[in-house]
Amino acid sequence: MQGPLSGIVVLDLSRALAGPHCAQMLGDLGAHVIKVEHPAGDESRGWGPPFVGPDHDISTYFLAANRNKRSITVDMKSEEGRDLIERLVRQSDVLVENFRTGVLDRLGFSTERLQALNPRLVILSITGFGHDGPEGGRPGYDQIAQGEAGLMSLTGPSPDEPYRVGASIADLLAGIHGAYGVVAALYERERTGRGTVVRTSLLASVVGVHSYHGTAWTVGGAVPKAGGNHHASIAPYGAFRCADGMIQIAVASDGQWRKVARLLDIDPEISKYATNRERFAHRGELIAEMEKALAVHDREHWLAALREIGVPAGAIRSIDEVYAWDQVRSQGLIVTVDHPVLGEIELPGPPLRFEGQVSDDGHVAPPGLGQDEDAVLDWLAERERRSP
């Protein structure tokens, strides 16, 4: 891959989802990513269903987080394995790890030793709940973090029915935050000549996106609660039933409200609906009145009518519908790769686009376990010969 991070070498010691997602993002930006796996393989290789391939042994979960990487296997508890990691550290720009606090230290690769081996190394450490503090050593899994970080209390049909977010959002956010932390640290290295340690966690990544839910409590003294498919502060803004299913309507201003009200034959100036504050106070009544009007026609009718008056609205698509949508494909959100076993397959693509770069150009399929060991060892030997 060519991109803004071309020439940057990332040593990916992570597994499962948060760290691999981060390293994949760096690979999408052009970095050379070496995925180091235990000889048994990243545990996500066994996560499914679904499994695909002739022997039904390739996890689609693993395929989601490991494009644009090379795989080698290393037993880091062996002397030979530790020697190889040391050599790789000396030739890398970034190291990504998501071990529990203290594990790398016990393996002989404390932060101090890593920095001694390579003072220019940027180290990204992703943990469950932070590397220090009274609960810093806790193992972190996505759903546990969603609950502990308050996200489940905001999600679901009511405060009595907390739901997890359907995607592993705590893991994915930690990977995203980690990637932008790495890029910032690489930029700082240009000024200082030295690497640094970047830390994030599943806990920090979820709390970091509380946004207006956080300030509702820290400033307003109100504890936000789950409100189903409707916005916590704006009305009408959410999912509404039509004759044949549901659509979403987002009314973010009084001007938009007046357009929707006229479309649905509702008086926009009636006192209980005139402002967002009043509409929100009477939200249940408003939703019922809107759905009574919407029940007259099907979704396509209302989506077309809302589009014509310039009010944001949309369908609720299933995953297969999303990947068949022309708009998704036009944005480079699907890439085609040549997998050594599966052949040509489509993967979810990177969310960033750069001027002049073809989004589907040069992506490499997620690797088989240890498939690149010879190539990586040859590359490493050549780098060492060229090093001063």
# chains A, B, ... in the order shown; residues from 1 in each chain; ligands from 1
call {"tool": "residues_around", "arguments": {"residues": "range 125-137 of chain A", "least_positions_apart": "2", "cutoff": "8 Å", "atoms": "only C-alpha atoms", "output": "ChimeraX atom specification"}}
result
/A:18-19,96-101,123,139-141,145,174,178,197-204
call {"tool": "select_by_dssp", "arguments": {"residues": "range 3-154 of chain A", "states": "alpha helix (DSSP H)", "output": "ChimeraX atom specification"}}
result
/A:18-28,60-63,79-90,103-106,111-117,142-148
call {"tool": "residues_around", "arguments": {"residues": "Val94 in chain A", "least_positions_apart": "5", "cutoff": "9 Å", "atoms": "only C-alpha atoms", "output": "PyMOL selection string"}}
result
chain A and resi 8-12+89+120-124+182+186+195
call {"tool": "write_last_selection", "arguments": {"atoms": "N, CA, C and O atoms", "output": "PDB file, in the first residue's frame"}}
result
ATOM      1  N   ILE A   8       6.865   3.667   7.078  1.00  0.00           N
ATOM      2  CA  ILE A   8       6.754   3.429   8.515  1.00  0.00           C
ATOM      3  C   ILE A   8       6.552   1.936   8.754  1.00  0.00           C
ATOM      4  O   ILE A   8       5.702   1.297   8.118  1.00  0.00           O
ATOM      5  N   VAL A   9       7.311   1.381   9.689  1.00  0.00           N
ATOM      6  CA  VAL A   9       7.212  -0.048  10.021  1.00  0.00           C
ATOM      7  C   VAL A   9       6.486  -0.195  11.347  1.00  0.00           C
ATOM      8  O   VAL A   9       6.874   0.407  12.354  1.00  0.00           O
ATOM      9  N   VAL A  10       5.413  -0.992  11.340  1.00  0.00           N
ATOM     10  CA  VAL A  10       4.612  -1.235  12.534  1.00  0.00           C
ATOM     11  C   VAL A  10       4.775  -2.686  12.950  1.00  0.00           C
ATOM     12  O   VAL A  10       4.516  -3.604  12.166  1.00  0.00           O
ATOM     13  N   LEU A  11       5.202  -2.897  14.190  1.00  0.00           N
ATOM     14  CA  LEU A  11       5.301  -4.231  14.768  1.00  0.00           C
ATOM     15  C   LEU A  11       4.032  -4.468  15.585  1.00  0.00           C
ATOM     16  O   LEU A  11       3.837  -3.869  16.642  1.00  0.00           O
ATOM     17  N   ASP A  12       3.169  -5.316  15.069  1.00  0.00           N
ATOM     18  CA  ASP A  12       1.857  -5.543  15.675  1.00  0.00           C
ATOM     19  C   ASP A  12       1.900  -6.795  16.546  1.00  0.00           C
ATOM     20  O   ASP A  12       1.824  -7.919  16.050  1.00  0.00           O
ATOM     21  N   VAL A  89      12.150  -5.011  16.920  1.00  0.00           N
ATOM     22  CA  VAL A  89      11.969  -3.734  17.618  1.00  0.00           C
ATOM     23  C   VAL A  89      12.989  -2.715  17.129  1.00  0.00           C
ATOM     24  O   VAL A  89      12.671  -1.537  16.911  1.00  0.00           O
ATOM     25  N   ARG A 120      13.730   5.752  19.092  1.00  0.00           N
ATOM     26  CA  ARG A 120      12.770   6.398  18.196  1.00  0.00           C
ATOM     27  C   ARG A 120      11.440   5.647  18.124  1.00  0.00           C
ATOM     28  O   ARG A 120      10.526   6.064  17.420  1.00  0.00           O
ATOM     29  N   LEU A 121      11.307   4.568  18.873  1.00  0.00           N
ATOM     30  CA  LEU A 121      10.120   3.727  18.793  1.00  0.00           C
ATOM     31  C   LEU A 121       8.917   4.405  19.445  1.00  0.00           C
ATOM     32  O   LEU A 121       8.986   4.883  20.583  1.00  0.00           O
ATOM     33  N   VAL A 122       7.792   4.433  18.733  1.00  0.00           N
ATOM     34  CA  VAL A 122       6.511   4.848  19.299  1.00  0.00           C
ATOM     35  C   VAL A 122       5.802   3.589  19.780  1.00  0.00           C
ATOM     36  O   VAL A 122       5.587   2.655  18.998  1.00  0.00           O
ATOM     37  N   ILE A 123       5.463   3.556  21.055  1.00  0.00           N
ATOM     38  CA  ILE A 123       4.829   2.382  21.652  1.00  0.00           C
ATOM     39  C   ILE A 123       3.374   2.710  21.946  1.00  0.00           C
ATOM     40  O   ILE A 123       3.074   3.665  22.671  1.00  0.00           O
ATOM     41  N   LEU A 124       2.467   1.935  21.376  1.00  0.00           N
ATOM     42  CA  LEU A 124       1.042   2.078  21.688  1.00  0.00           C
ATOM     43  C   LEU A 124       0.616   0.916  22.570  1.00  0.00           C
ATOM     44  O   LEU A 124       0.750  -0.249  22.183  1.00  0.00           O
ATOM     45  N   VAL A 182      -0.929   7.298  17.627  1.00  0.00           N
ATOM     46  CA  VAL A 182       0.328   6.907  16.978  1.00  0.00           C
ATOM     47  C   VAL A 182       0.743   7.953  15.948  1.00  0.00           C
ATOM     48  O   VAL A 182       1.917   8.364  15.890  1.00  0.00           O
ATOM     49  N   LEU A 186       4.178  10.092  15.971  1.00  0.00           N
ATOM     50  CA  LEU A 186       5.134  10.096  14.870  1.00  0.00           C
ATOM     51  C   LEU A 186       5.435  11.526  14.419  1.00  0.00           C
ATOM     52  O   LEU A 186       6.581  11.857  14.087  1.00  0.00           O
ATOM     53  N   GLY A 195      10.912   8.647  20.205  1.00  0.00           N
ATOM     54  CA  GLY A 195       9.579   8.092  20.300  1.00  0.00           C
ATOM     55  C   GLY A 195       8.989   8.342  21.677  1.00  0.00           C
ATOM     56  O   GLY A 195       9.627   8.929  22.551  1.00  0.00           O
TER      57      GLY A 195
END
call {"tool": "residues_around", "arguments": {"residues": "Leu84 in chain A", "least_positions_apart": "4", "cutoff": "8 Å", "atoms": "only C-alpha atoms", "output": "VMD selection string"}}
result
chain A and resid 74 80 88
call {"tool": "residues_around", "arguments": {"residues": "range 281-285 of chain A", "least_positions_apart": "2", "cutoff": "10 Å", "atoms": "only C-alpha atoms", "output": "list in words"}}
result
His230, Ser233, Ile234, Ala235, Pro236, Tyr237, Lys272, Tyr273, Thr275, Asn276, Arg277, Glu278, Arg279, Ile287, Ala288, Glu289 and Met290 of chain A
call {"tool": "select_by_dssp", "arguments": {"residues": "range 315-348 of chain A", "states": "strand (DSSP E)", "output": "NGL selection string"}}
result
:A and (334-339 or 343-348)
call {"tool": "atom_distance", "arguments": {"atom1": "CA of Gly343 in chain A", "atom2": "CA of Gly370 in chain A"}}
result
18.4 Å
call {"tool": "closest_residue", "arguments": {"among": "A:Gly150, A:Pro162, A:Glu86, A:Tyr187", "to": "Val223 in chain A", "atoms": "only C-alpha atoms"}}
result
A:Gly150
call {"tool": "closest_residue", "arguments": {"among": "A:Ala239, A:Met246, A:Cys22, A:Ile345", "to": "Val52 in chain A", "atoms": "only C-alpha atoms"}}
result
A:Ile345
call {"tool": "closest_atom_pairs", "arguments": {"of": "range 68-163 of chain A", "to": "range 373-387 of chain A", "cutoff": "8 Å", "atoms": "only C-alpha atoms", "output": "CSV"}}
result
residue,atom,partner,partner_atom,distance
A:Arg70,CA,A:Val376,CA,7.6
A:Ser71,CA,A:Glu373,CA,6.8
A:Ile72,CA,A:Glu373,CA,4.8
A:Thr73,CA,A:Glu373,CA,7.4
A:Arg87,CA,A:Leu380,CA,7.9
A:Leu88,CA,A:Leu380,CA,7.2
A:Gln91,CA,A:Arg383,CA,7.1
call {"tool": "write_last_selection", "arguments": {"atoms": "C-alpha atoms", "output": "JSON list (two decimals), in the first residue's frame"}}
result
[["chain", "number", "residue", "atom", "x", "y", "z"],
["A", 70, "ARG", "CA", 2.31, -9.82, 7.05],
["A", 71, "SER", "CA", 2.09, -12.70, 9.54],
["A", 72, "ILE", "CA", 4.92, -14.41, 11.38],
["A", 73, "THR", "CA", 4.72, -16.75, 14.36],
["A", 87, "ARG", "CA", 15.70, -7.50, 16.24],
["A", 88, "LEU", "CA", 12.29, -6.44, 14.97],
["A", 91, "GLN", "CA", 13.96, -1.93, 12.93]]
